[in-house]
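Only one structure is covered here, and it is reproduced in the block below.
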Amino acid sequence: SIVMVGRDTAYLWYGTESRKGPLGPTFPDIRVTVTTDNAIFLLHGRVRAQRREGRVRPYVDGVIGFIDLVTKTSIEELGDCGAFACTGLGTTNLRDFALSAGGGAGVQVGFGPPPDWYRLDVSVRYLYGGSADYLREFAIRREGGQAFLDVSRSRTDMVVVYIGVAMGR
């Protein structure tokens with residue numbers, strides 16, 4: 001059949017902020033690196049129509065699933081923390097989910113000896129996503145030892161370009 005059902009997963013990283021300094025006013029001699037990462041995870045079920053044979057295989061597909069936007073901050077020690085286990089401490093500052101659906105088109109070009117087990121896969125897809133809360137890069141403000149979040153909210157529509165290698169029949 002030219003119709004296939006599957007899933008797509010993707011990880012998109014949209015910024016990081018890193019700073020070095022003391023653990024806090026209580027422990028000024030313990031130096032740490034504080035890193036904040038912003039990421040988007042995409043998980044979609046997919047229906048695809050594609051030629052099953054040939055070195056060049058164009059396709060169209062439709063997807064439905066969700067978008068997961070997450071901002072996490074982690075702390076790593078710069079020196080000896082003594083009795084404290086500083087490495088690997090962290091927190092999720094903000095996480096939100098939105099439903100999404102979309103469609104796109106692409107082409108797979110086989111390389112290597114037949115039956116073309118490896119194929120270059122290039123596609124573009126438009127995702128129509130719901131509204132979600134998220135943090136932009138540098139959206140965590142620090143004032144007087146307190147952290148404040150500048151939360152943004154918008155639709156999560158996006159155009160995604162995929163470039164990868166497909167394996168198998």
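To be explicit about the labels: the chains of the structure tokens are called A, B, and onward in the order shown, and within each one the residues are counted from 1, while ligands get numbers from 1 in the order they are shown.
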Within 10 Å of region 115-131 of chain A, which residues of region 25-92 of chain A come that close, and what is the closest atom pair and distance in Å for each? Count only C-alpha atoms and give it as CSV.
```
residue,atom,partner,partner_atom,distance
A:Glu53,CA,A:Pro115,CA,8.9
A:Gly54,CA,A:Asp116,CA,8.5
A:Arg55,CA,A:Asp116,CA,6.9
A:Val56,CA,A:Arg119,CA,8.8
A:Arg57,CA,A:Arg119,CA,9.3
A:Pro58,CA,A:Ser123,CA,9.4
A:Tyr59,CA,A:Ser123,CA,8.9
A:Val60,CA,A:Ser123,CA,9.2
A:Asp61,CA,A:Arg125,CA,8.6
A:Gly62,CA,A:Arg125,CA,8.8
A:Val63,CA,A:Leu127,CA,8.3
A:Ile64,CA,A:Leu127,CA,8.9
A:Gly65,CA,A:Gly129,CA,9.4
A:Phe66,CA,A:Gly129,CA,7.9
A:Ile67,CA,A:Gly129,CA,7.5
```
### Query
Which polymer residues have any atom within 6 Å of an atom of region 7-24 of chain A, counting only C-alpha atoms, with same-chain residues fewer than 5 positions away left out, as a PyMOL selection string?
chain A and resi 30-46+137
### Task
May I ask which of the residues A:Pro28, A:Val47, A:Pro114, A:Val107 is the closest one to Val5 (chain A), counting only C-alpha atoms?
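Among the listed residues, A:Val47 lies closest to Val5 (chain A).
Of the residues under consideration (A:Asn93, A:Gln50, A:Thr26, A:Gln146), A:Asn93 shows the shortest atom-to-atom contact distance to Leu69 (chain A) when counting only C-alpha atoms.
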### Task
Just list the residues in region 57-112 of chain A DSSP gives strand (DSSP E) on the backbone, as a ChimeraX atom specification.
/A:57-77,89-111
### Message
Would you pick out the contacts of Val151 (chain A) at 12 Å or less, using only C-alpha atoms, so that residues sharing its chain but fewer than 3 positions from it are not included, and give the list as a ChimeraX atom specification?
### Response
/A:70-71,93-96,132-141,148,154
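Note that CA of Val160 (chain A) and CA of Gly103 (chain A) are 10.4 Å apart.
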